[in-house]
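Below: the structure, in structure tokens.
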Amino acid sequence: MVPGSSKTPGRPNLLVILGATASGKTRLGVQLAGSFGGEIISADSRQVYRGMDIGTGKDLHEYEGIPYHLIDVAPPGSEFNLFQFQRHFLACFAEISGRDKLPILVGGSGMYLDCVLRGYRLIEVPEDPELREELAPLSMEELAERLIRATPTLHNTTDLTERSRLTRAIEIAEHDGEASEPWPDIVPFTIGIRWDRAMIRERITRRLKERMEAGMVEEVRRLHEAGTSWERLEFYGLEYRYLARHLKGELSRNDMFQKLNAAIHDFAKKQENWFKKMQSRGTEIHWVEGAGDPLNEALGLLENRFKQG
């Protein structure tokens with residue numbers, strides 16, 4: 001049985017809230033934390049960075065005093081990888097559980113969620129100059145094929161659109177070594193928020209307009225002026241990629257908005273497909289309707305599950 005699998009018997013000691021971008025994950029997680037004495041652990045691959053607030057959708061006002069973890073733990077311009085996330089998550093899980101509080105993992109970054117729910121046995125992998133020299137002449141397609149050969153079920157290569165990230169993923173996948181730390185006894189209960197496609201598209205567009213009005217362009221300009229390169233901003237995902245291109249004069253404000261909006265819609269579809277893959281690999285996800293009453297639905301699911309435990 002895979003460590004951390006949702007099929008592990010026993011009373012849940014980890015609540016997971018997942019969904020596509022703009023689905024209302026944080027709000028539901030905070031509401032459930034208030035009901036169960038929980039604390040939030042973010043499973044967002046970009047909210048770890050300090051100063052990247054509007055573009056990553058931290059929305060810290062939504063936490064309403066609920067403690068949160070794995071937000072603002074890395075400086076802008078740095079790279080925070082899957083191994084670092086898992087190490088930080090395990091430390092947070094142990095610390096929160098040790099205080100008899102319920103850890104609640106909230107996010108939409110598929111690999112971050114999957115590495116907890118399927119218990120990836122990750123190790124810290126140093127850079128390999130010889131391997132990097134070998135990979136340097138390969139095309140992006142050849143790199144992707146090599147990654148798939150090395151680990152056919154572990155990585156979502158559609159997320160690895162940057163050459164540096166793809167090279168690093170191969171470096172990790174082909175490294176010889178074993179994880180030495182024992183995996184804790186994690187019994188998760190996973191709730192997903194789903195919306196009708198048209199409604200999630202409407203929510204994405206509305207939220208993007210709100211973030212633009214809140215100063216998202218100015219945030220990216222400040223990050224660049226403080227030393228984060230245009231190349232690094234491209235690495236940080238859609239909002240920063242398109243806003244950087246706008247600030248460099250490559251896209252007008254209107255073109256930037258339209259292209260970014262369409263790209264976020266596509267990203268939401270990829271997230272939904274990732275969640276389907278998680279289910280096909282054995283992760284049990286209990287879905288609630290975002291357009292209905294997700295809180296009461298979730299409370300009903302949890303009440304039944306805790307009775308069983």
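Residues in the structure tokens are numbered from 1 in each chain, the chains being A, B, ... in the order shown, and ligands are numbered from 1 in the order shown.
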Quiz prompt | Spatial neighbours of stretch 216-223 of chain A, max dist 12 Å, only C-alpha atoms, sep filter under 2 positions, as a PyMOL selection string | solution = chain A and resi 49-57+75-77+207-214+225-230+232-234+236+239-248+253+256-257
Self-check item: Non-local contacts of A:Leu295 (9 Å; only C-alpha atoms; under 5 positions in same chain excluded) as a ChimeraX atom specification
Solution: /A:28,31-32,288,300
Selected residues, all heavy atoms, written as an mmCIF file, in the first residue's frame, please.
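For reference, again11.cif as written:
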data_model
loop_
_atom_site.group_PDB
_atom_site.id
_atom_site.type_symbol
_atom_site.label_atom_id
_atom_site.label_comp_id
_atom_site.auth_asym_id
_atom_site.auth_seq_id
_atom_site.Cartn_x
_atom_site.Cartn_y
_atom_site.Cartn_z
ATOM 1 N N LEU A 28 -12.997 27.687 1.425
ATOM 2 C CA LEU A 28 -13.513 26.456 2.018
ATOM 3 C C LEU A 28 -12.534 25.913 3.054
ATOM 4 O O LEU A 28 -12.951 25.471 4.135
ATOM 5 C CB LEU A 28 -13.767 25.405 0.938
ATOM 6 C CG LEU A 28 -14.304 24.058 1.439
ATOM 7 C CD1 LEU A 28 -15.629 24.244 2.190
ATOM 8 C CD2 LEU A 28 -14.472 23.079 0.276
ATOM 9 N N GLN A 31 -12.875 27.963 6.215
ATOM 10 C CA GLN A 31 -14.135 27.657 6.914
ATOM 11 C C GLN A 31 -14.045 26.329 7.668
ATOM 12 O O GLN A 31 -14.489 26.214 8.812
ATOM 13 C CB GLN A 31 -15.286 27.623 5.904
ATOM 14 C CG GLN A 31 -15.646 28.982 5.331
ATOM 15 C CD GLN A 31 -16.664 28.883 4.199
ATOM 16 O OE1 GLN A 31 -16.651 27.939 3.404
ATOM 17 N NE2 GLN A 31 -17.553 29.860 4.115
ATOM 18 N N LEU A 32 -13.449 25.321 7.037
ATOM 19 C CA LEU A 32 -13.318 24.017 7.681
ATOM 20 C C LEU A 32 -12.292 24.062 8.815
ATOM 21 O O LEU A 32 -12.460 23.385 9.832
ATOM 22 C CB LEU A 32 -12.942 22.955 6.649
ATOM 23 C CG LEU A 32 -14.033 22.649 5.625
ATOM 24 C CD1 LEU A 32 -13.505 21.734 4.527
ATOM 25 C CD2 LEU A 32 -15.251 22.014 6.301
ATOM 26 N N VAL A 288 -17.401 18.341 -4.136
ATOM 27 C CA VAL A 288 -18.523 19.183 -3.718
ATOM 28 C C VAL A 288 -18.735 20.220 -4.816
ATOM 29 O O VAL A 288 -17.821 20.552 -5.571
ATOM 30 C CB VAL A 288 -18.264 19.874 -2.370
ATOM 31 C CG1 VAL A 288 -18.091 18.828 -1.271
ATOM 32 C CG2 VAL A 288 -17.032 20.793 -2.425
ATOM 33 N N GLY A 300 -20.894 17.508 5.744
ATOM 34 C CA GLY A 300 -21.605 16.237 5.730
ATOM 35 C C GLY A 300 -20.684 15.075 5.407
ATOM 36 O O GLY A 300 -20.754 14.007 6.045
#
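Closest approach to A:Leu301 among A:Gly237, A:Pro137, A:Gly37, A:Gly192: A:Gly192, based on only C-alpha atoms.
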Quiz item: A:Asp100, A:Glu141, A:Asp196, A:Asp114: which is nearest A:Arg163, counting only C-alpha atoms?
Solution: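 Going through A:Asp100, A:Glu141, A:Asp196, A:Asp114 one by one, the smallest distance to A:Arg163 is for A:Glu141.
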Show me, as a PDB file with N, CA, C and O atoms, in the first residue's frame, the residues that have an atom within 8 Å of stretch 169-173 of chain A when counting only C-alpha atoms, minus same-chain residues fewer than 3 positions from it.
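selection_18.pdb written:
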ATOM      1  N   VAL A 125      18.805  16.090  -4.382  1.00  0.00           N
ATOM      2  CA  VAL A 125      19.675  15.726  -5.490  1.00  0.00           C
ATOM      3  C   VAL A 125      20.564  16.918  -5.860  1.00  0.00           C
ATOM      4  O   VAL A 125      20.050  17.991  -6.210  1.00  0.00           O
ATOM      5  N   GLU A 127      23.271  19.150  -8.196  1.00  0.00           N
ATOM      6  CA  GLU A 127      23.419  19.342  -9.628  1.00  0.00           C
ATOM      7  C   GLU A 127      24.512  18.415 -10.163  1.00  0.00           C
ATOM      8  O   GLU A 127      25.497  18.150  -9.494  1.00  0.00           O
ATOM      9  N   ASP A 128      24.288  17.915 -11.377  1.00  0.00           N
ATOM     10  CA  ASP A 128      25.213  16.987 -12.021  1.00  0.00           C
ATOM     11  C   ASP A 128      25.756  17.646 -13.290  1.00  0.00           C
ATOM     12  O   ASP A 128      25.108  17.620 -14.340  1.00  0.00           O
ATOM     13  N   LEU A 131      25.885  15.409 -16.479  1.00  0.00           N
ATOM     14  CA  LEU A 131      24.569  15.145 -17.065  1.00  0.00           C
ATOM     15  C   LEU A 131      24.055  16.390 -17.779  1.00  0.00           C
ATOM     16  O   LEU A 131      23.500  16.295 -18.889  1.00  0.00           O
ATOM     17  N   ARG A 132      24.228  17.544 -17.181  1.00  0.00           N
ATOM     18  CA  ARG A 132      23.751  18.776 -17.807  1.00  0.00           C
ATOM     19  C   ARG A 132      24.461  19.032 -19.138  1.00  0.00           C
ATOM     20  O   ARG A 132      23.847  19.518 -20.096  1.00  0.00           O
ATOM     21  N   LEU A 143      14.151  16.098 -24.491  1.00  0.00           N
ATOM     22  CA  LEU A 143      14.237  16.137 -23.025  1.00  0.00           C
ATOM     23  C   LEU A 143      12.970  15.562 -22.397  1.00  0.00           C
ATOM     24  O   LEU A 143      13.027  14.808 -21.427  1.00  0.00           O
ATOM     25  N   ARG A 146      12.945  11.854 -22.634  1.00  0.00           N
ATOM     26  CA  ARG A 146      13.876  11.245 -21.687  1.00  0.00           C
ATOM     27  C   ARG A 146      13.286  11.233 -20.277  1.00  0.00           C
ATOM     28  O   ARG A 146      13.436  10.263 -19.534  1.00  0.00           O
ATOM     29  N   LEU A 147      12.595  12.312 -19.910  1.00  0.00           N
ATOM     30  CA  LEU A 147      11.968  12.358 -18.591  1.00  0.00           C
ATOM     31  C   LEU A 147      10.888  11.284 -18.464  1.00  0.00           C
ATOM     32  O   LEU A 147      10.782  10.607 -17.440  1.00  0.00           O
ATOM     33  N   ALA A 150      12.375   7.978 -17.859  1.00  0.00           N
ATOM     34  CA  ALA A 150      12.951   7.844 -16.521  1.00  0.00           C
ATOM     35  C   ALA A 150      11.882   7.657 -15.454  1.00  0.00           C
ATOM     36  O   ALA A 150      12.077   6.937 -14.475  1.00  0.00           O
ATOM     37  N   THR A 151      10.720   8.293 -15.633  1.00  0.00           N
ATOM     38  CA  THR A 151       9.665   8.212 -14.633  1.00  0.00           C
ATOM     39  C   THR A 151       8.317   8.405 -15.316  1.00  0.00           C
ATOM     40  O   THR A 151       7.756   9.498 -15.309  1.00  0.00           O
ATOM     41  N   ARG A 165      13.750  23.825 -15.945  1.00  0.00           N
ATOM     42  CA  ARG A 165      12.928  22.973 -15.090  1.00  0.00           C
ATOM     43  C   ARG A 165      12.944  21.533 -15.593  1.00  0.00           C
ATOM     44  O   ARG A 165      12.984  20.588 -14.802  1.00  0.00           O
ATOM     45  N   LEU A 166      12.890  21.379 -16.906  1.00  0.00           N
ATOM     46  CA  LEU A 166      12.893  20.048 -17.489  1.00  0.00           C
ATOM     47  C   LEU A 166      14.230  19.353 -17.247  1.00  0.00           C
ATOM     48  O   LEU A 166      14.282  18.165 -16.897  1.00  0.00           O
TER      49      LEU A 166
END
Just list the residues in stretch 70-279 of chain A DSSP gives alpha helix (DSSP H) on the backbone, as a compact mmCIF listing (two decimals) with N, CA and C atoms, in the first residue's frame.
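The resulting states13.txt:
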# COMPACT_ATOMS: atom_id res chain seq x y z
N LEU A 82 10.11 20.58 -5.65
CA LEU A 82 9.20 19.60 -5.06
C LEU A 82 9.78 18.98 -3.79
N PHE A 83 11.07 18.70 -3.81
CA PHE A 83 11.71 18.14 -2.62
C PHE A 83 11.60 19.10 -1.44
N GLN A 84 11.86 20.39 -1.68
CA GLN A 84 11.76 21.37 -0.60
C GLN A 84 10.33 21.45 -0.08
N PHE A 85 9.36 21.42 -1.00
CA PHE A 85 7.96 21.45 -0.54
C PHE A 85 7.66 20.27 0.35
N GLN A 86 8.03 19.07 -0.08
CA GLN A 86 7.70 17.89 0.72
C GLN A 86 8.37 17.94 2.08
N ARG A 87 9.62 18.38 2.12
CA ARG A 87 10.33 18.49 3.40
C ARG A 87 9.63 19.48 4.33
N HIS A 88 9.24 20.65 3.79
CA HIS A 88 8.53 21.64 4.59
C HIS A 88 7.16 21.13 5.02
N PHE A 89 6.47 20.46 4.09
CA PHE A 89 5.15 19.92 4.44
C PHE A 89 5.25 18.95 5.60
N LEU A 90 6.18 18.02 5.55
CA LEU A 90 6.30 17.02 6.61
C LEU A 90 6.61 17.66 7.94
N ALA A 91 7.43 18.71 7.94
CA ALA A 91 7.72 19.42 9.18
C ALA A 91 6.46 20.11 9.72
N CYS A 92 5.70 20.75 8.83
CA CYS A 92 4.46 21.41 9.25
C CYS A 92 3.44 20.40 9.75
N PHE A 93 3.31 19.28 9.03
CA PHE A 93 2.36 18.24 9.43
C PHE A 93 2.67 17.74 10.84
N ALA A 94 3.94 17.48 11.12
CA ALA A 94 4.33 16.97 12.44
C ALA A 94 4.09 18.03 13.51
N GLU A 95 4.42 19.27 13.20
CA GLU A 95 4.31 20.34 14.21
C GLU A 95 2.84 20.63 14.53
N ILE A 96 2.00 20.71 13.50
CA ILE A 96 0.57 20.99 13.72
C ILE A 96 -0.09 19.83 14.44
N SER A 97 0.17 18.61 13.98
CA SER A 97 -0.41 17.42 14.62
C SER A 97 0.05 17.31 16.07
N GLY A 98 1.29 17.71 16.33
CA GLY A 98 1.82 17.63 17.69
C GLY A 98 1.12 18.55 18.65
N GLY A 110 -0.73 20.31 -8.80
CA GLY A 110 -0.94 18.87 -8.84
C GLY A 110 0.18 18.05 -8.26
N MET A 111 1.42 18.35 -8.61
CA MET A 111 2.53 17.54 -8.13
C MET A 111 2.74 17.72 -6.63
N TYR A 112 2.50 18.92 -6.11
CA TYR A 112 2.62 19.14 -4.67
C TYR A 112 1.60 18.28 -3.91
N LEU A 113 0.38 18.27 -4.41
CA LEU A 113 -0.66 17.45 -3.79
C LEU A 113 -0.33 15.96 -3.92
N ASP A 114 0.08 15.57 -5.11
CA ASP A 114 0.34 14.16 -5.38
C ASP A 114 1.51 13.62 -4.56
N CYS A 115 2.52 14.43 -4.33
CA CYS A 115 3.69 13.94 -3.60
C CYS A 115 3.35 13.65 -2.14
N VAL A 116 2.29 14.27 -1.64
CA VAL A 116 1.82 13.98 -0.28
C VAL A 116 0.86 12.79 -0.29
N LEU A 117 -0.12 12.83 -1.19
CA LEU A 117 -1.16 11.81 -1.20
C LEU A 117 -0.66 10.45 -1.65
N PRO A 129 26.95 18.25 -13.22
CA PRO A 129 27.50 18.98 -14.38
C PRO A 129 27.65 18.11 -15.62
N GLU A 130 28.07 16.85 -15.44
CA GLU A 130 28.26 15.97 -16.59
C GLU A 130 26.93 15.67 -17.28
N LEU A 131 25.89 15.41 -16.48
CA LEU A 131 24.57 15.15 -17.06
C LEU A 131 24.06 16.39 -17.78
N ARG A 132 24.23 17.54 -17.18
CA ARG A 132 23.75 18.78 -17.81
C ARG A 132 24.46 19.03 -19.14
N GLU A 133 25.74 18.70 -19.19
CA GLU A 133 26.48 18.85 -20.45
C GLU A 133 25.93 17.89 -21.51
N GLU A 134 25.56 16.67 -21.07
CA GLU A 134 24.99 15.68 -21.98
C GLU A 134 23.63 16.13 -22.50
N LEU A 135 22.84 16.79 -21.65
CA LEU A 135 21.48 17.20 -22.02
C LEU A 135 21.47 18.48 -22.84
N MET A 140 13.76 20.34 -26.65
CA MET A 140 12.76 20.22 -25.59
C MET A 140 11.99 18.91 -25.72
N GLU A 141 11.68 18.50 -26.96
CA GLU A 141 10.94 17.26 -27.18
C GLU A 141 11.77 16.06 -26.73
N GLU A 142 13.06 16.08 -27.03
CA GLU A 142 13.94 14.99 -26.63
C GLU A 142 14.09 14.93 -25.12
N LEU A 143 14.15 16.10 -24.49
CA LEU A 143 14.24 16.14 -23.03
C LEU A 143 12.97 15.56 -22.40
N ALA A 144 11.80 15.95 -22.94
CA ALA A 144 10.54 15.44 -22.41
C ALA A 144 10.45 13.92 -22.55
N GLU A 145 10.90 13.40 -23.70
CA GLU A 145 10.89 11.95 -23.90
C GLU A 145 11.81 11.25 -22.90
N ARG A 146 12.94 11.85 -22.63
CA ARG A 146 13.88 11.24 -21.69
C ARG A 146 13.29 11.23 -20.28
N LEU A 147 12.60 12.31 -19.91
CA LEU A 147 11.97 12.36 -18.59
C LEU A 147 10.89 11.28 -18.46
N ILE A 148 10.10 11.12 -19.51
CA ILE A 148 9.03 10.11 -19.48
C ILE A 148 9.63 8.71 -19.35
N ARG A 149 10.73 8.45 -20.03
CA ARG A 149 11.39 7.14 -19.91
C ARG A 149 11.90 6.91 -18.50
N ALA A 150 12.37 7.98 -17.86
CA ALA A 150 12.95 7.84 -16.52
C ALA A 150 11.88 7.66 -15.45
N ARG A 163 13.12 25.07 -20.11
CA ARG A 163 14.22 24.13 -20.29
C ARG A 163 14.93 23.82 -18.97
N SER A 164 15.13 24.85 -18.14
CA SER A 164 15.84 24.64 -16.88
C SER A 164 15.07 23.71 -15.96
N ARG A 165 13.75 23.83 -15.94
CA ARG A 165 12.93 22.97 -15.09
C ARG A 165 12.94 21.53 -15.59
N LEU A 166 12.89 21.38 -16.91
CA LEU A 166 12.89 20.05 -17.49
C LEU A 166 14.23 19.35 -17.25
N THR A 167 15.32 20.09 -17.39
CA THR A 167 16.64 19.54 -17.12
C THR A 167 16.76 19.10 -15.66
N ARG A 168 16.25 19.95 -14.77
CA ARG A 168 16.31 19.62 -13.34
C ARG A 168 15.46 18.39 -13.03
N ALA A 169 14.31 18.25 -13.67
CA ALA A 169 13.45 17.10 -13.43
C ALA A 169 14.15 15.80 -13.85
N ILE A 170 14.86 15.85 -14.98
CA ILE A 170 15.61 14.66 -15.43
C ILE A 170 16.73 14.36 -14.44
N GLU A 171 17.39 15.39 -13.97
CA GLU A 171 18.48 15.24 -13.01
C GLU A 171 18.00 14.51 -11.76
N ILE A 172 16.82 14.88 -11.30
CA ILE A 172 16.24 14.25 -10.10
C ILE A 172 15.80 12.83 -10.41
N ALA A 173 15.14 12.63 -11.57
CA ALA A 173 14.58 11.33 -11.91
C ALA A 173 15.67 10.28 -12.12
N ARG A 197 -17.95 24.35 -16.41
CA ARG A 197 -16.86 24.97 -17.16
C ARG A 197 -17.13 26.45 -17.43
N ALA A 198 -18.34 26.80 -17.83
CA ALA A 198 -18.66 28.20 -18.14
C ALA A 198 -18.54 29.07 -16.89
N MET A 199 -18.94 28.53 -15.75
CA MET A 199 -18.89 29.32 -14.51
C MET A 199 -17.46 29.52 -14.04
N ILE A 200 -16.61 28.51 -14.17
CA ILE A 200 -15.22 28.69 -13.73
C ILE A 200 -14.51 29.66 -14.65
N ARG A 201 -14.86 29.66 -15.94
CA ARG A 201 -14.27 30.63 -16.87
C ARG A 201 -14.67 32.05 -16.46
N GLU A 202 -15.92 32.23 -16.10
CA GLU A 202 -16.39 33.54 -15.67
C GLU A 202 -15.68 33.99 -14.39
N ARG A 203 -15.48 33.07 -13.45
CA ARG A 203 -14.80 33.40 -12.20
C ARG A 203 -13.33 33.76 -12.45
N ILE A 204 -12.68 33.04 -13.37
CA ILE A 204 -11.29 33.33 -13.69
C ILE A 204 -11.15 34.73 -14.27
N THR A 205 -12.00 35.07 -15.24
CA THR A 205 -11.92 36.38 -15.88
C THR A 205 -12.20 37.49 -14.88
N ARG A 206 -13.21 37.31 -14.03
CA ARG A 206 -13.53 38.34 -13.04
C ARG A 206 -12.38 38.54 -12.06
N ARG A 207 -11.78 37.44 -11.62
CA ARG A 207 -10.67 37.54 -10.67
C ARG A 207 -9.45 38.21 -11.31
N LEU A 208 -9.19 37.90 -12.58
CA LEU A 208 -8.06 38.53 -13.25
C LEU A 208 -8.27 40.04 -13.34
N LYS A 209 -9.48 40.47 -13.66
CA LYS A 209 -9.77 41.91 -13.71
C LYS A 209 -9.54 42.55 -12.34
N GLU A 210 -9.96 41.86 -11.29
CA GLU A 210 -9.77 42.39 -9.93
C GLU A 210 -8.29 42.51 -9.58
N ARG A 211 -7.50 41.55 -10.01
CA ARG A 211 -6.08 41.59 -9.70
C ARG A 211 -5.36 42.67 -10.51
N MET A 212 -5.80 42.87 -11.71
CA MET A 212 -5.22 43.96 -12.50
C MET A 212 -5.50 45.30 -11.82
N GLU A 213 -6.74 45.47 -11.36
CA GLU A 213 -7.11 46.72 -10.69
C GLU A 213 -6.40 46.88 -9.34
N MET A 216 -1.47 44.45 -10.06
CA MET A 216 -0.63 43.31 -10.42
C MET A 216 0.52 43.72 -11.34
N VAL A 217 0.26 44.66 -12.26
CA VAL A 217 1.33 45.13 -13.14
C VAL A 217 2.42 45.80 -12.32
N GLU A 218 2.02 46.62 -11.38
CA GLU A 218 2.98 47.33 -10.54
C GLU A 218 3.78 46.35 -9.69
N GLU A 219 3.14 45.26 -9.25
CA GLU A 219 3.86 44.26 -8.46
C GLU A 219 5.00 43.65 -9.28
N VAL A 220 4.73 43.30 -10.52
CA VAL A 220 5.76 42.70 -11.36
C VAL A 220 6.87 43.71 -11.67
N ARG A 221 6.48 44.96 -11.87
CA ARG A 221 7.49 45.99 -12.12
C ARG A 221 8.41 46.13 -10.89
N ARG A 222 7.85 46.12 -9.69
CA ARG A 222 8.66 46.22 -8.47
C ARG A 222 9.60 45.03 -8.34
N LEU A 223 9.11 43.84 -8.64
CA LEU A 223 9.95 42.65 -8.53
C LEU A 223 11.15 42.76 -9.48
N HIS A 224 10.89 43.23 -10.70
CA HIS A 224 12.00 43.36 -11.65
C HIS A 224 12.98 44.44 -11.20
N GLU A 225 12.47 45.55 -10.74
CA GLU A 225 13.34 46.64 -10.29
C GLU A 225 14.16 46.23 -9.07
N TRP A 230 13.88 39.28 -16.03
CA TRP A 230 12.74 38.94 -16.89
C TRP A 230 12.67 37.44 -17.12
N GLU A 231 13.83 36.81 -17.28
CA GLU A 231 13.87 35.36 -17.51
C GLU A 231 13.31 34.60 -16.32
N ARG A 232 13.67 35.03 -15.13
CA ARG A 232 13.17 34.37 -13.93
C ARG A 232 11.67 34.60 -13.77
N LEU A 233 11.19 35.78 -14.10
CA LEU A 233 9.75 36.05 -14.03
C LEU A 233 8.98 35.13 -14.98
N GLU A 234 9.55 34.86 -16.15
CA GLU A 234 8.93 33.90 -17.07
C GLU A 234 8.77 32.54 -16.41
N PHE A 235 9.74 32.16 -15.62
CA PHE A 235 9.74 30.87 -14.95
C PHE A 235 8.60 30.74 -13.94
N LEU A 238 2.19 31.86 -15.47
CA LEU A 238 1.44 32.62 -16.46
C LEU A 238 1.37 34.11 -16.18
N GLU A 239 0.89 34.49 -14.99
CA GLU A 239 0.72 35.91 -14.72
C GLU A 239 2.03 36.67 -14.89
N TYR A 240 3.10 36.14 -14.32
CA TYR A 240 4.38 36.83 -14.37
C TYR A 240 4.98 36.78 -15.78
N ARG A 241 4.72 35.72 -16.50
CA ARG A 241 5.23 35.59 -17.86
C ARG A 241 4.62 36.65 -18.78
N TYR A 242 3.29 36.78 -18.76
CA TYR A 242 2.64 37.72 -19.66
C TYR A 242 2.81 39.16 -19.21
N LEU A 243 2.83 39.39 -17.91
CA LEU A 243 3.04 40.75 -17.43
C LEU A 243 4.45 41.22 -17.73
N ALA A 244 5.42 40.31 -17.64
CA ALA A 244 6.80 40.66 -17.99
C ALA A 244 6.88 41.05 -19.46
N ARG A 245 6.20 40.31 -20.32
CA ARG A 245 6.22 40.62 -21.75
C ARG A 245 5.55 41.97 -22.02
N HIS A 246 4.52 42.28 -21.27
CA HIS A 246 3.87 43.59 -21.39
C HIS A 246 4.83 44.70 -20.96
N LEU A 247 5.50 44.52 -19.83
CA LEU A 247 6.40 45.55 -19.33
C LEU A 247 7.63 45.72 -20.21
N ARG A 253 -1.34 46.37 -23.24
CA ARG A 253 -2.08 45.96 -22.04
C ARG A 253 -3.29 45.10 -22.39
N ASN A 254 -4.02 45.49 -23.45
CA ASN A 254 -5.20 44.71 -23.85
C ASN A 254 -4.81 43.32 -24.36
N ASP A 255 -3.77 43.27 -25.20
CA ASP A 255 -3.33 41.96 -25.72
C ASP A 255 -2.84 41.08 -24.58
N MET A 256 -2.11 41.69 -23.65
CA MET A 256 -1.62 40.92 -22.50
C MET A 256 -2.78 40.33 -21.71
N PHE A 257 -3.81 41.14 -21.46
CA PHE A 257 -4.96 40.66 -20.68
C PHE A 257 -5.65 39.51 -21.40
N GLN A 258 -5.91 39.67 -22.70
CA GLN A 258 -6.63 38.65 -23.45
C GLN A 258 -5.84 37.34 -23.51
N LYS A 259 -4.55 37.43 -23.78
CA LYS A 259 -3.72 36.23 -23.86
C LYS A 259 -3.58 35.56 -22.50
N LEU A 260 -3.39 36.37 -21.46
CA LEU A 260 -3.25 35.81 -20.12
C LEU A 260 -4.55 35.15 -19.68
N ASN A 261 -5.67 35.80 -19.94
CA ASN A 261 -6.97 35.24 -19.56
C ASN A 261 -7.19 33.88 -20.22
N ALA A 262 -6.89 33.80 -21.52
CA ALA A 262 -7.05 32.53 -22.24
C ALA A 262 -6.10 31.47 -21.69
N ALA A 263 -4.88 31.88 -21.35
CA ALA A 263 -3.90 30.92 -20.83
C ALA A 263 -4.32 30.37 -19.47
N ILE A 264 -4.92 31.22 -18.64
CA ILE A 264 -5.39 30.75 -17.32
C ILE A 264 -6.55 29.78 -17.51
N HIS A 265 -7.43 30.04 -18.46
CA HIS A 265 -8.52 29.10 -18.75
C HIS A 265 -7.95 27.73 -19.13
N ASP A 266 -6.92 27.74 -19.99
CA ASP A 266 -6.29 26.48 -20.40
C ASP A 266 -5.63 25.79 -19.20
N PHE A 267 -5.02 26.58 -18.35
CA PHE A 267 -4.36 26.02 -17.16
C PHE A 267 -5.37 25.34 -16.25
N ALA A 268 -6.55 25.93 -16.09
CA ALA A 268 -7.59 25.32 -15.26
C ALA A 268 -8.00 23.96 -15.81
N LYS A 269 -8.07 23.85 -17.15
CA LYS A 269 -8.39 22.55 -17.76
C LYS A 269 -7.29 21.53 -17.43
N LYS A 270 -6.03 21.96 -17.49
CA LYS A 270 -4.92 21.06 -17.17
C LYS A 270 -4.99 20.61 -15.72
N GLN A 271 -5.36 21.52 -14.82
CA GLN A 271 -5.51 21.13 -13.42
C GLN A 271 -6.59 20.06 -13.27
N GLU A 272 -7.71 20.28 -13.93
CA GLU A 272 -8.80 19.30 -13.84
C GLU A 272 -8.36 17.94 -14.38
N ASN A 273 -7.61 17.95 -15.48
CA ASN A 273 -7.10 16.69 -16.02
C ASN A 273 -6.12 16.02 -15.06
N TRP A 274 -5.33 16.82 -14.39
CA TRP A 274 -4.39 16.26 -13.40
C TRP A 274 -5.15 15.58 -12.27
N PHE A 275 -6.23 16.21 -11.79
CA PHE A 275 -7.01 15.61 -10.71
C PHE A 275 -7.63 14.29 -11.17
N LYS A 276 -8.05 14.23 -12.43
CA LYS A 276 -8.58 12.97 -12.96
C LYS A 276 -7.50 11.89 -12.96
N LYS A 277 -6.28 12.27 -13.31
CA LYS A 277 -5.18 11.31 -13.29
C LYS A 277 -4.91 10.84 -11.87
N MET A 278 -5.00 11.75 -10.90
CA MET A 278 -4.81 11.37 -9.51
C MET A 278 -5.83 10.31 -9.11
N GLN A 279 -7.08 10.52 -9.53
CA GLN A 279 -8.12 9.54 -9.21
C GLN A 279 -7.85 8.20 -9.88
Quiz item: Separation of atom CA of A:Thr283 and atom CA of A:Arg118, in Å?
Solution: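 According to the coordinates, atom CA of A:Thr283 and atom CA of A:Arg118 are separated by 7.7 Å.
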Self-check item: Picked from stretch 21-145 of chain A by DSSP as strand (DSSP E), as a ChimeraX atom specification
Solution: /A:38-42,68-69,102-107
Write the residues of the selection above to a file with N, CA, C and O atoms, as a compact mmCIF listing (two decimals), in the first residue's frame.
# COMPACT_ATOMS: atom_id res chain seq x y z
N GLY A 38 -8.42 23.64 12.76
CA GLY A 38 -7.33 23.29 11.86
C GLY A 38 -6.42 24.44 11.51
O GLY A 38 -6.69 25.61 11.84
N GLU A 39 -5.33 24.12 10.83
CA GLU A 39 -4.40 25.11 10.31
C GLU A 39 -4.10 24.78 8.85
O GLU A 39 -4.01 23.60 8.49
N ILE A 40 -3.93 25.82 8.04
CA ILE A 40 -3.77 25.64 6.60
C ILE A 40 -2.29 25.44 6.24
O ILE A 40 -1.42 26.17 6.72
N ILE A 41 -2.05 24.44 5.40
CA ILE A 41 -0.75 24.27 4.75
C ILE A 41 -0.98 24.50 3.27
O ILE A 41 -1.74 23.77 2.64
N SER A 42 -0.34 25.51 2.70
CA SER A 42 -0.54 25.82 1.30
C SER A 42 0.15 24.80 0.40
O SER A 42 1.31 24.45 0.62
N TYR A 68 -1.61 29.86 8.95
CA TYR A 68 -1.28 29.27 7.66
C TYR A 68 0.23 29.04 7.58
O TYR A 68 1.03 29.70 8.25
N HIS A 69 0.62 28.11 6.73
CA HIS A 69 2.01 27.69 6.59
C HIS A 69 2.37 27.53 5.12
O HIS A 69 1.50 27.36 4.26
N LEU A 102 -5.67 20.06 13.43
CA LEU A 102 -5.85 19.31 12.18
C LEU A 102 -5.13 20.01 11.03
O LEU A 102 -5.49 21.13 10.68
N PRO A 103 -4.13 19.39 10.42
CA PRO A 103 -3.50 19.99 9.24
C PRO A 103 -4.46 19.93 8.05
O PRO A 103 -5.07 18.89 7.79
N ILE A 104 -4.58 21.05 7.33
CA ILE A 104 -5.46 21.12 6.17
C ILE A 104 -4.63 21.60 4.99
O ILE A 104 -4.21 22.76 4.94
N LEU A 105 -4.36 20.70 4.05
CA LEU A 105 -3.55 21.00 2.88
C LEU A 105 -4.47 21.58 1.80
O LEU A 105 -5.41 20.91 1.37
N VAL A 106 -4.19 22.80 1.36
CA VAL A 106 -5.08 23.50 0.43
C VAL A 106 -4.29 23.97 -0.78
O VAL A 106 -3.27 24.67 -0.64
N GLY A 107 -4.73 23.61 -1.98
CA GLY A 107 -4.04 24.10 -3.16
C GLY A 107 -4.47 23.43 -4.44
O GLY A 107 -5.33 22.55 -4.45
